[in-house]
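A short worksheet on the structure shown next.
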Amino acid sequence: MSQNHFVLREQEYGAFLSALRKLRTDAFAKVVFLVDKNGTLLASTGEAVGLDTTALASLAAGNIAATGGLANLIGEKEFSILFHEGERDNMHISVVGDRLILVVIFDRRSSVGLVRLRVRRASEELAKILVAAEESTVEDEGVIEELTEEDIESLFR
Amino acid sequence: MSFINYSSKEINCKIVYYGPGLCGKTTNLQYIYKRMNPDARGKMISLATETERTLFFDFLPLSLGEVRGFKTRFHLYTVPGQVFYDASRRLILRGVDGVVFCADSQLTRMDANVESVENLRLNLEEQGYNPDKVPLVMQYNKRDLPNIASVAELHALLNLRNVPEIEACATTGIGVFETLKATIKLILNDLRKGGR
């Protein structure tokens with residue numbers, strides 16, 4: 001993983017996705033998302049059709065950032081779990097490995113207790129994948145470094 | 001920090017529009033939203049007060065085509081400009097790849113511009129950035145209004161790093177896309193050279 005950018009390769013993406021799928025099944029959840037703290041969607045699984053996943057990722061990150069700011073004000077490092085209860089659907093948001101945000105959307109087929117339990121287990125798995133990815137010594141495939149002025153210009157034609 | 005996804009072949013970057021209250025940051029995003037092809041942009045999210053002042057941030061995702069087989073996506077954010085929302089501004093700067101400083105050209109807003117430029121430097125430092133290295137573009141907005149400072153005056157007061165500067169009128173769109181384009185170029189060039 002490069003210092004300047006967060007690189008997600010096929011292998012890590014696959015590992016994240018299979019952990020998310022398992023969590024979704026185990027927790028009887030509708031949708032599960034993995035987002036980075038800057039608000040970019042990494043992977044998702046479930047009934048995501050019709051959901052604006054880009055906006056959801058950005059707002060989830062904003063939510064964690066804002067509550068993190070609140071936490072600091074009372075001397076806490078952060079609030080690592082947030083739970084939002086709706087009329088039909090609920091949202092469980094948690095921080096994974098200090099860098100990622102796990103979002104689980106579920107309805108009455110599941111419960112907050114079950115989701116919390118399954119999220120705890122899945123978080124350990126996701127954190128391991130993240131650590132492995134960060135420790136990966138495989139060199140960045142260099143797509144950014146190889147960009148030319150012409151490539152950049154071509155975006156605006 | 002940009003995010004490169006080799007699985008979905010995407011490069012994601014974050015651009016933050018910074019500046020004093022009522023300088024036109026949200027108006028920039030609204031114009032881009034209106035003028036972009038709907039296929040190339042997502043929904044614009046505005047977390048604003050009842051009087052349409054930005055409370056937390058505006059968010060607009062854009063897709064700009066491909067380079068070397070990778071889709072380029074840019075997430076545009078604005079900060080709340082009002083002085084007392086400083087905690088929110090700091091949070092939004094996290095992970096930023098490039099900043100547009102939107103200055104209000106009106107003479108009466110010069111103090112607010114200077115304060116905001118200094119605030120940007122401080123907040124970038126707090127987020128672990130070198131404020132002299134972060135890709136930055138200055139936009140001198142509201143050039144259509146009377147009683148405005150000259151570009152030379154704005155330059156001397158605000159553009160201490162001598163970065164690209166663009167005159168704009170965000171309500172009519174003058175300079176809006178030029179600013180965005182200049183910022184994207186700076187970001188991609190910065191990433192290409194290994195960044196900060």
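As shown in the structure tokens, the chain order sets the letters A, B, ...; within each chain, residues go from 1, and ligands are also counted from 1 in the order they appear.
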Counting only C-alpha atoms, which residues of region 28-90 of chain B fall within 10 Å of region 107-121 of chain B, and what is the closest atom pair for each with its distance in Å at one decimal, ordered by chain and rising number, as CSV?
```
residue,atom,partner,partner_atom,distance
B:Gly81,CA,B:Ser116,CA,8.1
B:Gln82,CA,B:Ser116,CA,9.4
B:Val83,CA,B:Ser116,CA,8.2
B:Asp86,CA,B:Asn119,CA,8.4
B:Arg89,CA,B:Leu120,CA,8.7
B:Arg90,CA,B:Leu120,CA,8.7
```
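Proximity to Ile105 (chain A) at 7 Å, evaluated using only C-alpha atoms and with sequence-adjacent residues fewer than 6 positions away removed, yields Ala29, Lys30, Val31, Val32, Asp89, Asn90, Met91 and His92 of chain A.
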(request) Return as a VMD selection string the residues belonging to chain A that are within 8 Å of chain B, counting only C-alpha atoms. (result) chain A and resid 4 to 10 13 38 40 42 52 54 to 55 58 62 65 to 66 69 143 to 147 149 151 to 156
Save out the residues we just selected, N, CA and C atoms, as a PDB file, in the first residue's frame.
```pdb
ATOM      1  N   ASN A   4       0.914   7.507  -0.334  1.00  0.00           N
ATOM      2  CA  ASN A   4       0.103   8.635  -0.772  1.00  0.00           C
ATOM      3  C   ASN A   4      -1.303   8.267  -1.193  1.00  0.00           C
ATOM      4  N   HIS A   5      -1.479   7.013  -1.600  1.00  0.00           N
ATOM      5  CA  HIS A   5      -2.830   6.614  -1.911  1.00  0.00           C
ATOM      6  C   HIS A   5      -3.161   5.266  -1.285  1.00  0.00           C
ATOM      7  N   PHE A   6      -4.428   5.090  -1.097  1.00  0.00           N
ATOM      8  CA  PHE A   6      -4.932   3.842  -0.543  1.00  0.00           C
ATOM      9  C   PHE A   6      -5.227   2.945  -1.746  1.00  0.00           C
ATOM     10  N   VAL A   7      -4.501   1.833  -1.841  1.00  0.00           N
ATOM     11  CA  VAL A   7      -4.649   0.964  -3.005  1.00  0.00           C
ATOM     12  C   VAL A   7      -5.401  -0.301  -2.611  1.00  0.00           C
ATOM     13  N   LEU A   8      -6.450  -0.583  -3.338  1.00  0.00           N
ATOM     14  CA  LEU A   8      -7.207  -1.812  -3.086  1.00  0.00           C
ATOM     15  C   LEU A   8      -7.039  -2.729  -4.288  1.00  0.00           C
ATOM     16  N   ARG A   9      -6.413  -3.896  -4.058  1.00  0.00           N
ATOM     17  CA  ARG A   9      -6.189  -4.824  -5.156  1.00  0.00           C
ATOM     18  C   ARG A   9      -7.260  -5.903  -5.179  1.00  0.00           C
ATOM     19  N   GLU A  10      -7.293  -6.656  -6.266  1.00  0.00           N
ATOM     20  CA  GLU A  10      -8.296  -7.722  -6.456  1.00  0.00           C
ATOM     21  C   GLU A  10      -8.381  -8.637  -5.247  1.00  0.00           C
ATOM     22  N   TYR A  13      -9.857  -6.985  -2.258  1.00  0.00           N
ATOM     23  CA  TYR A  13     -11.261  -6.707  -2.532  1.00  0.00           C
ATOM     24  C   TYR A  13     -12.086  -7.988  -2.379  1.00  0.00           C
ATOM     25  N   ASN A  38     -12.580   8.379   4.531  1.00  0.00           N
ATOM     26  CA  ASN A  38     -12.700   9.590   3.722  1.00  0.00           C
ATOM     27  C   ASN A  38     -13.978   9.607   2.901  1.00  0.00           C
ATOM     28  N   THR A  40     -15.188   7.008   0.720  1.00  0.00           N
ATOM     29  CA  THR A  40     -15.239   6.277  -0.543  1.00  0.00           C
ATOM     30  C   THR A  40     -15.707   4.851  -0.295  1.00  0.00           C
ATOM     31  N   LEU A  42     -15.804   1.032  -0.637  1.00  0.00           N
ATOM     32  CA  LEU A  42     -14.838  -0.006  -1.015  1.00  0.00           C
ATOM     33  C   LEU A  42     -15.542  -1.232  -1.569  1.00  0.00           C
ATOM     34  N   ASP A  52     -28.394   4.994  -3.316  1.00  0.00           N
ATOM     35  CA  ASP A  52     -27.302   5.825  -3.804  1.00  0.00           C
ATOM     36  C   ASP A  52     -26.077   5.508  -2.930  1.00  0.00           C
ATOM     37  N   THR A  54     -22.893   5.885  -3.361  1.00  0.00           N
ATOM     38  CA  THR A  54     -21.843   6.902  -3.260  1.00  0.00           C
ATOM     39  C   THR A  54     -22.185   7.911  -2.161  1.00  0.00           C
ATOM     40  N   ALA A  55     -23.429   8.389  -2.188  1.00  0.00           N
ATOM     41  CA  ALA A  55     -23.856   9.354  -1.181  1.00  0.00           C
ATOM     42  C   ALA A  55     -23.878   8.701   0.200  1.00  0.00           C
ATOM     43  N   SER A  58     -20.403   8.578   1.600  1.00  0.00           N
ATOM     44  CA  SER A  58     -19.929   9.895   2.025  1.00  0.00           C
ATOM     45  C   SER A  58     -20.591  10.338   3.334  1.00  0.00           C
ATOM     46  N   GLY A  62     -19.100  11.042   7.034  1.00  0.00           N
ATOM     47  CA  GLY A  62     -19.376  12.316   7.696  1.00  0.00           C
ATOM     48  C   GLY A  62     -19.949  12.090   9.085  1.00  0.00           C
ATOM     49  N   ALA A  65     -17.190  10.967  11.341  1.00  0.00           N
ATOM     50  CA  ALA A  65     -16.298  12.100  11.611  1.00  0.00           C
ATOM     51  C   ALA A  65     -16.939  13.054  12.623  1.00  0.00           C
ATOM     52  N   ALA A  66     -18.234  13.332  12.433  1.00  0.00           N
ATOM     53  CA  ALA A  66     -18.908  14.280  13.332  1.00  0.00           C
ATOM     54  C   ALA A  66     -19.019  13.720  14.751  1.00  0.00           C
ATOM     55  N   GLY A  69     -15.769  13.908  16.436  1.00  0.00           N
ATOM     56  CA  GLY A  69     -15.523  15.251  16.964  1.00  0.00           C
ATOM     57  C   GLY A  69     -16.206  15.436  18.309  1.00  0.00           C
ATOM     58  N   VAL A 143      -0.149   2.820 -11.793  1.00  0.00           N
ATOM     59  CA  VAL A 143      -1.016   3.483 -12.764  1.00  0.00           C
ATOM     60  C   VAL A 143      -0.929   5.000 -12.648  1.00  0.00           C
ATOM     61  N   ILE A 144      -0.857   5.509 -11.430  1.00  0.00           N
ATOM     62  CA  ILE A 144      -0.805   6.966 -11.250  1.00  0.00           C
ATOM     63  C   ILE A 144       0.546   7.515 -11.674  1.00  0.00           C
ATOM     64  N   GLU A 145       1.604   6.852 -11.225  1.00  0.00           N
ATOM     65  CA  GLU A 145       2.946   7.358 -11.516  1.00  0.00           C
ATOM     66  C   GLU A 145       3.230   7.397 -13.017  1.00  0.00           C
ATOM     67  N   GLU A 146       2.555   6.508 -13.760  1.00  0.00           N
ATOM     68  CA  GLU A 146       2.819   6.450 -15.200  1.00  0.00           C
ATOM     69  C   GLU A 146       1.963   7.414 -16.014  1.00  0.00           C
ATOM     70  N   LEU A 147       1.079   8.122 -15.350  1.00  0.00           N
ATOM     71  CA  LEU A 147       0.238   9.078 -16.079  1.00  0.00           C
ATOM     72  C   LEU A 147       1.114  10.132 -16.755  1.00  0.00           C
ATOM     73  N   GLU A 149       1.199  13.958 -19.014  1.00  0.00           N
ATOM     74  CA  GLU A 149       0.445  15.213 -19.173  1.00  0.00           C
ATOM     75  C   GLU A 149      -0.702  14.997 -20.158  1.00  0.00           C
ATOM     76  N   ASP A 151      -2.318  12.203 -20.845  1.00  0.00           N
ATOM     77  CA  ASP A 151      -3.419  11.446 -20.232  1.00  0.00           C
ATOM     78  C   ASP A 151      -4.337  12.397 -19.479  1.00  0.00           C
ATOM     79  N   ILE A 152      -3.716  13.309 -18.727  1.00  0.00           N
ATOM     80  CA  ILE A 152      -4.489  14.223 -17.885  1.00  0.00           C
ATOM     81  C   ILE A 152      -5.306  15.168 -18.767  1.00  0.00           C
ATOM     82  N   GLU A 153      -4.657  15.682 -19.832  1.00  0.00           N
ATOM     83  CA  GLU A 153      -5.362  16.573 -20.769  1.00  0.00           C
ATOM     84  C   GLU A 153      -6.555  15.863 -21.398  1.00  0.00           C
ATOM     85  N   SER A 154      -6.390  14.553 -21.676  1.00  0.00           N
ATOM     86  CA  SER A 154      -7.423  13.815 -22.406  1.00  0.00           C
ATOM     87  C   SER A 154      -8.744  13.774 -21.636  1.00  0.00           C
ATOM     88  N   LEU A 155      -8.667  13.952 -20.325  1.00  0.00           N
ATOM     89  CA  LEU A 155      -9.888  13.942 -19.513  1.00  0.00           C
ATOM     90  C   LEU A 155     -10.801  15.110 -19.832  1.00  0.00           C
ATOM     91  N   PHE A 156     -10.222  16.170 -20.373  1.00  0.00           N
ATOM     92  CA  PHE A 156     -11.002  17.392 -20.554  1.00  0.00           C
ATOM     93  C   PHE A 156     -11.389  17.651 -22.005  1.00  0.00           C
TER      94      PHE A 156
END
```
(message) So that I can check the surroundings of region 14-25 of chain A, please list as a VMD selection string every protein, DNA and RNA residue that reaches within 8 Å of it, counting only C-alpha atoms and ignoring chain neighbours fewer than 5 positions away.
(response) chain A and resid 30 to 34 43 to 46 104 118 to 119 122 125 to 126 129
Using the selection just defined, write its residues with N, CA, C and O atoms as a short mmCIF file (atom, residue, chain, number, x, y, z; two decimals), in the first residue's frame.
```cif
data_model
loop_
_atom_site.label_atom_id
_atom_site.label_comp_id
_atom_site.auth_asym_id
_atom_site.auth_seq_id
_atom_site.Cartn_x
_atom_site.Cartn_y
_atom_site.Cartn_z
N LYS A 30 -29.95 -6.65 5.28
CA LYS A 30 -30.36 -6.35 3.90
C LYS A 30 -29.15 -5.97 3.05
O LYS A 30 -28.97 -6.47 1.95
N VAL A 31 -28.37 -5.05 3.55
CA VAL A 31 -27.21 -4.56 2.81
C VAL A 31 -26.04 -4.37 3.77
O VAL A 31 -26.24 -3.99 4.92
N VAL A 32 -24.85 -4.64 3.28
CA VAL A 32 -23.65 -4.38 4.08
C VAL A 32 -22.66 -3.61 3.20
O VAL A 32 -22.44 -3.97 2.04
N PHE A 33 -22.10 -2.53 3.75
CA PHE A 33 -21.14 -1.70 3.01
C PHE A 33 -19.83 -1.60 3.77
O PHE A 33 -19.84 -1.59 5.00
N LEU A 34 -18.76 -1.47 3.02
CA LEU A 34 -17.47 -1.14 3.63
C LEU A 34 -16.99 0.16 2.97
O LEU A 34 -16.93 0.25 1.74
N ALA A 43 -16.57 -1.69 -0.87
CA ALA A 43 -17.27 -2.89 -1.32
C ALA A 43 -18.66 -2.90 -0.70
O ALA A 43 -18.88 -2.32 0.36
N SER A 44 -19.60 -3.56 -1.37
CA SER A 44 -20.94 -3.68 -0.79
C SER A 44 -21.56 -4.99 -1.24
O SER A 44 -21.18 -5.54 -2.27
N THR A 45 -22.52 -5.47 -0.47
CA THR A 45 -23.23 -6.67 -0.86
C THR A 45 -24.66 -6.58 -0.34
O THR A 45 -24.93 -5.94 0.67
N GLY A 46 -25.59 -7.18 -1.07
CA GLY A 46 -26.99 -7.19 -0.63
C GLY A 46 -27.90 -6.42 -1.55
O GLY A 46 -27.57 -6.18 -2.72
N VAL A 104 -24.14 -1.60 8.24
CA VAL A 104 -25.08 -2.72 8.07
C VAL A 104 -26.50 -2.16 8.12
O VAL A 104 -26.87 -1.48 9.08
N ARG A 118 -22.58 -10.14 15.34
CA ARG A 118 -21.96 -10.58 14.07
C ARG A 118 -20.95 -9.54 13.57
O ARG A 118 -19.94 -9.90 12.98
N VAL A 119 -21.26 -8.27 13.79
CA VAL A 119 -20.34 -7.22 13.34
C VAL A 119 -19.01 -7.34 14.08
O VAL A 119 -17.94 -7.17 13.49
N ALA A 122 -17.09 -10.08 12.42
CA ALA A 122 -16.69 -9.70 11.06
C ALA A 122 -15.60 -8.63 11.10
O ALA A 122 -14.69 -8.62 10.26
N GLU A 125 -12.15 -9.99 11.32
CA GLU A 125 -11.74 -10.54 10.02
C GLU A 125 -11.34 -9.41 9.05
O GLU A 125 -10.29 -9.45 8.41
N LEU A 126 -12.19 -8.38 9.01
CA LEU A 126 -11.93 -7.25 8.09
C LEU A 126 -10.64 -6.53 8.49
O LEU A 126 -9.86 -6.12 7.63
N ILE A 129 -7.66 -8.43 7.25
CA ILE A 129 -7.45 -8.22 5.80
C ILE A 129 -6.81 -6.86 5.56
O ILE A 129 -5.89 -6.72 4.76
#
```
(message) For the alpha helix (DSSP H) assignment from backbone DSSP, which residues of region 11-102 of chain A qualify? Please present them as a PyMOL selection string.
(response) chain A and resi 11-26+53-73
(request) Go through B:Leu154, B:Cys23, B:Leu62, B:Ala48 and flag the residue nearest Arg35 (chain B), using only C-alpha atoms for the distances. (result)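 Nearest candidate to Arg35 (chain B) out of B:Leu154, B:Cys23, B:Leu62, B:Ala48: B:Leu62.
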(request) Within 7 Å of region 161-170 of chain B, counting only C-alpha atoms, which residues show up once you throw out same-chain ones fewer than 5 positions away? Write them as JSON, numbers by chain, please. (result) {"B": [24, 27, 28, 132, 136, 137, 138, 139, 140, 141, 142, 143, 144, 175, 176, 179]}
Please produce a file of those selected residues containing C-alpha atoms, as a PDB file, in the first residue's frame.
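The resulting file, result-v5.pdb, is reproduced below:
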```
ATOM      1  CA  GLY B  24     -19.974  31.034  -3.232  1.00  0.00           C
ATOM      2  CA  THR B  27     -22.927  27.975  -5.710  1.00  0.00           C
ATOM      3  CA  ASN B  28     -19.857  26.509  -7.467  1.00  0.00           C
ATOM      4  CA  ASP B 132       2.629  24.657   1.257  1.00  0.00           C
ATOM      5  CA  LEU B 136      -4.436  24.550  -4.294  1.00  0.00           C
ATOM      6  CA  VAL B 137      -6.271  26.806  -6.735  1.00  0.00           C
ATOM      7  CA  MET B 138      -7.451  30.323  -5.867  1.00  0.00           C
ATOM      8  CA  GLN B 139     -10.799  31.368  -7.242  1.00  0.00           C
ATOM      9  CA  TYR B 140     -11.634  35.090  -7.048  1.00  0.00           C
ATOM     10  CA  ASN B 141     -15.402  34.954  -7.078  1.00  0.00           C
ATOM     11  CA  LYS B 142     -18.117  37.606  -7.512  1.00  0.00           C
ATOM     12  CA  ARG B 143     -16.158  39.541 -10.160  1.00  0.00           C
ATOM     13  CA  ASP B 144     -19.497  40.876 -11.470  1.00  0.00           C
ATOM     14  CA  GLY B 175     -14.649  30.456 -14.133  1.00  0.00           C
ATOM     15  CA  VAL B 176     -16.363  27.543 -12.367  1.00  0.00           C
ATOM     16  CA  THR B 179     -11.308  26.258 -11.506  1.00  0.00           C
TER      17      THR B 179
END
```
(message) Restricting the calculation to only C-alpha atoms: of A:Thr148, A:Ser123, A:Thr53, A:Ser111, which residue gets closest to Glu85 (chain A)?
(response)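 Among the listed residues, the smallest separation from Glu85 (chain A) belongs to A:Ser111.
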(message) Give me, as a PyMOL selection string, the residues of region 2-140 of chain B that a backbone DSSP run labels strand (DSSP E or B).
(response) chain B and resi 2-5+10-18+41+45-48+54-67+70-78+98-104+106+136-140
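Straight-line separation from CA of His155 (chain B) to CA of Gln106 (chain B): 13.7 Å.
Nearest residue to Ile81 (chain A), choosing from A:Arg116, A:Arg108, A:Arg121, A:Arg99 and counting only C-alpha atoms: A:Arg116.
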